[in-house]
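For reference, the structure discussed in these notes is given below.
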Amino acid sequence: MSNAPLMPKATAVWLVDNTALTFDQVADFTKMHPLEIRAIADGDAAQGIKGSDPISNGQLTRDEIEKGEKDKNYRLKLEESKVILPPAAKKKGPRYTPVSRRHERPSAILWLVRNHAELKDSAIMRLVGTTKTTIASIRDRTHWNASTLTPMDPVTLGLCSQIELDFEVQRAAKEKPTDTPYGGATLLPASETTRKDEFEDSERSSDDLNVDAVFAKLKGIGGGKKHDDEEE
């Protein structure tokens with residue numbers, strides 16, 4: 001940042017008219033060329049410009065001027081401003097793309113759509129500096145030049161930096177919800193819900209009942225045949 005005073009040309013006019021400082025001293029203080037200061041003194045430049053008093057503006061003191069008038073090699077020092085202005089807030093807006101690069105934006109958009117489908121339209125707009133209408137036309141292949149478009153890396157084209165691209169991709173990956181497969185509720189098998197000893201007892205009793213039933217049936221069949229022989 002330059003240490004030149006506010007309104008350097010008007011300050012130079014005042015110093016030339018109201019002090020005995022040399023042209024080099026005034027030029028050094030106002031960050032101007034000594035020939036410009038000489039032209040101001042001769043009336044060839046800065047005509048109609050009203051001088052600005054650096055003492056009343058708090059940019060220079062009377063003692064500092066007196067030091068300069070006594071010593072031609074002395075260089076005036078600018079006083080620090082007592083008023084601190086807040087930094088101007090940077091307005092967020094679409095990225096500016098040079099005219100020579102604007103015809104390459106559709107190719108960059110096509111590359112982003114194909115290789116990074118997770119990116120939202122707002123992220124592509126920040127990277128390339130385009131509009132939602134253009135992005136939609138390239139996604140739907142309704143762009144007027146869709147048949148001849150070739151996908152090209154926006155970093156290679158100079159439309160954005162690799163750091164900016166990586167940042168948008170990482171942010172899109174964090175915002176994307178993870179898909180958890182849902183198989184539905186299922187019943188547990190009987191071997192897990194029934195105690196082992198009860199399960200074995202039920203199997204054993206069912207086997208015993210089946211064996212007894214078979215023998216009883218056979219015994220009944222054999223007894224009926226013997227009874228028929230005795231009657232004969």
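Please note that chains go A, B, ... in the order of the structure tokens, that every chain numbers its residues from 1, and that ligands are numbered from 1 in the order shown.
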Open item on the list: Set the distance at 8 Å and use only C-alpha atoms: which residues neighbour A:Val26 once local chain neighbours fewer than 5 positions away are removed? I'd like the list as a list of chain:residue names.
Closed with: A:Ala12, A:Leu15, A:Val16, A:Leu21, A:Pro34, A:Ile37
Output for the residues just chosen: all heavy atoms as a PDB file, in the first residue's frame:
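Below is the file part_23.pdb, written as the result:
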ATOM      1  N   ALA A  12      -0.083  18.690  -3.212  1.00  0.00           N
ATOM      2  CA  ALA A  12       1.121  19.265  -3.825  1.00  0.00           C
ATOM      3  C   ALA A  12       0.905  20.731  -4.155  1.00  0.00           C
ATOM      4  O   ALA A  12       1.820  21.570  -3.968  1.00  0.00           O
ATOM      5  CB  ALA A  12       1.482  18.470  -5.074  1.00  0.00           C
ATOM      6  N   LEU A  15       1.303  22.665  -0.867  1.00  0.00           N
ATOM      7  CA  LEU A  15       2.685  22.717  -0.388  1.00  0.00           C
ATOM      8  C   LEU A  15       3.537  23.646  -1.246  1.00  0.00           C
ATOM      9  O   LEU A  15       4.418  24.365  -0.728  1.00  0.00           O
ATOM     10  CB  LEU A  15       3.291  21.302  -0.386  1.00  0.00           C
ATOM     11  CG  LEU A  15       2.719  20.331   0.646  1.00  0.00           C
ATOM     12  CD1 LEU A  15       3.299  18.932   0.438  1.00  0.00           C
ATOM     13  CD2 LEU A  15       3.003  20.810   2.067  1.00  0.00           C
ATOM     14  N   VAL A  16       3.306  23.672  -2.549  1.00  0.00           N
ATOM     15  CA  VAL A  16       4.062  24.567  -3.432  1.00  0.00           C
ATOM     16  C   VAL A  16       3.722  26.027  -3.137  1.00  0.00           C
ATOM     17  O   VAL A  16       4.606  26.915  -3.142  1.00  0.00           O
ATOM     18  CB  VAL A  16       3.787  24.212  -4.908  1.00  0.00           C
ATOM     19  CG1 VAL A  16       4.333  25.295  -5.840  1.00  0.00           C
ATOM     20  CG2 VAL A  16       4.407  22.869  -5.255  1.00  0.00           C
ATOM     21  N   LEU A  21       9.421  24.202   0.676  1.00  0.00           N
ATOM     22  CA  LEU A  21       9.967  22.867   0.405  1.00  0.00           C
ATOM     23  C   LEU A  21      10.428  22.773  -1.040  1.00  0.00           C
ATOM     24  O   LEU A  21       9.881  23.434  -1.942  1.00  0.00           O
ATOM     25  CB  LEU A  21       8.904  21.794   0.682  1.00  0.00           C
ATOM     26  CG  LEU A  21       8.405  21.683   2.134  1.00  0.00           C
ATOM     27  CD1 LEU A  21       7.212  20.730   2.213  1.00  0.00           C
ATOM     28  CD2 LEU A  21       9.530  21.189   3.051  1.00  0.00           C
ATOM     29  N   PRO A  34       9.023  14.712  -9.765  1.00  0.00           N
ATOM     30  CA  PRO A  34       9.466  16.102  -9.559  1.00  0.00           C
ATOM     31  C   PRO A  34       9.111  17.041 -10.717  1.00  0.00           C
ATOM     32  O   PRO A  34       8.861  18.238 -10.501  1.00  0.00           O
ATOM     33  CB  PRO A  34      10.991  15.969  -9.409  1.00  0.00           C
ATOM     34  CG  PRO A  34      11.193  14.581  -8.899  1.00  0.00           C
ATOM     35  CD  PRO A  34      10.128  13.765  -9.546  1.00  0.00           C
ATOM     36  N   ILE A  37       5.728  18.379 -10.164  1.00  0.00           N
ATOM     37  CA  ILE A  37       5.713  19.442  -9.160  1.00  0.00           C
ATOM     38  C   ILE A  37       6.214  20.753  -9.763  1.00  0.00           C
ATOM     39  O   ILE A  37       5.667  21.839  -9.505  1.00  0.00           O
ATOM     40  CB  ILE A  37       6.581  19.035  -7.951  1.00  0.00           C
ATOM     41  CG1 ILE A  37       6.130  17.669  -7.399  1.00  0.00           C
ATOM     42  CG2 ILE A  37       6.502  20.090  -6.859  1.00  0.00           C
ATOM     43  CD1 ILE A  37       4.691  17.612  -6.960  1.00  0.00           C
TER      44      ILE A  37
END
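Nearest residue to A:Leu159 among A:Glu175, A:Glu79, A:Asp28, A:Glu104 is A:Glu104, counting only C-alpha atoms.
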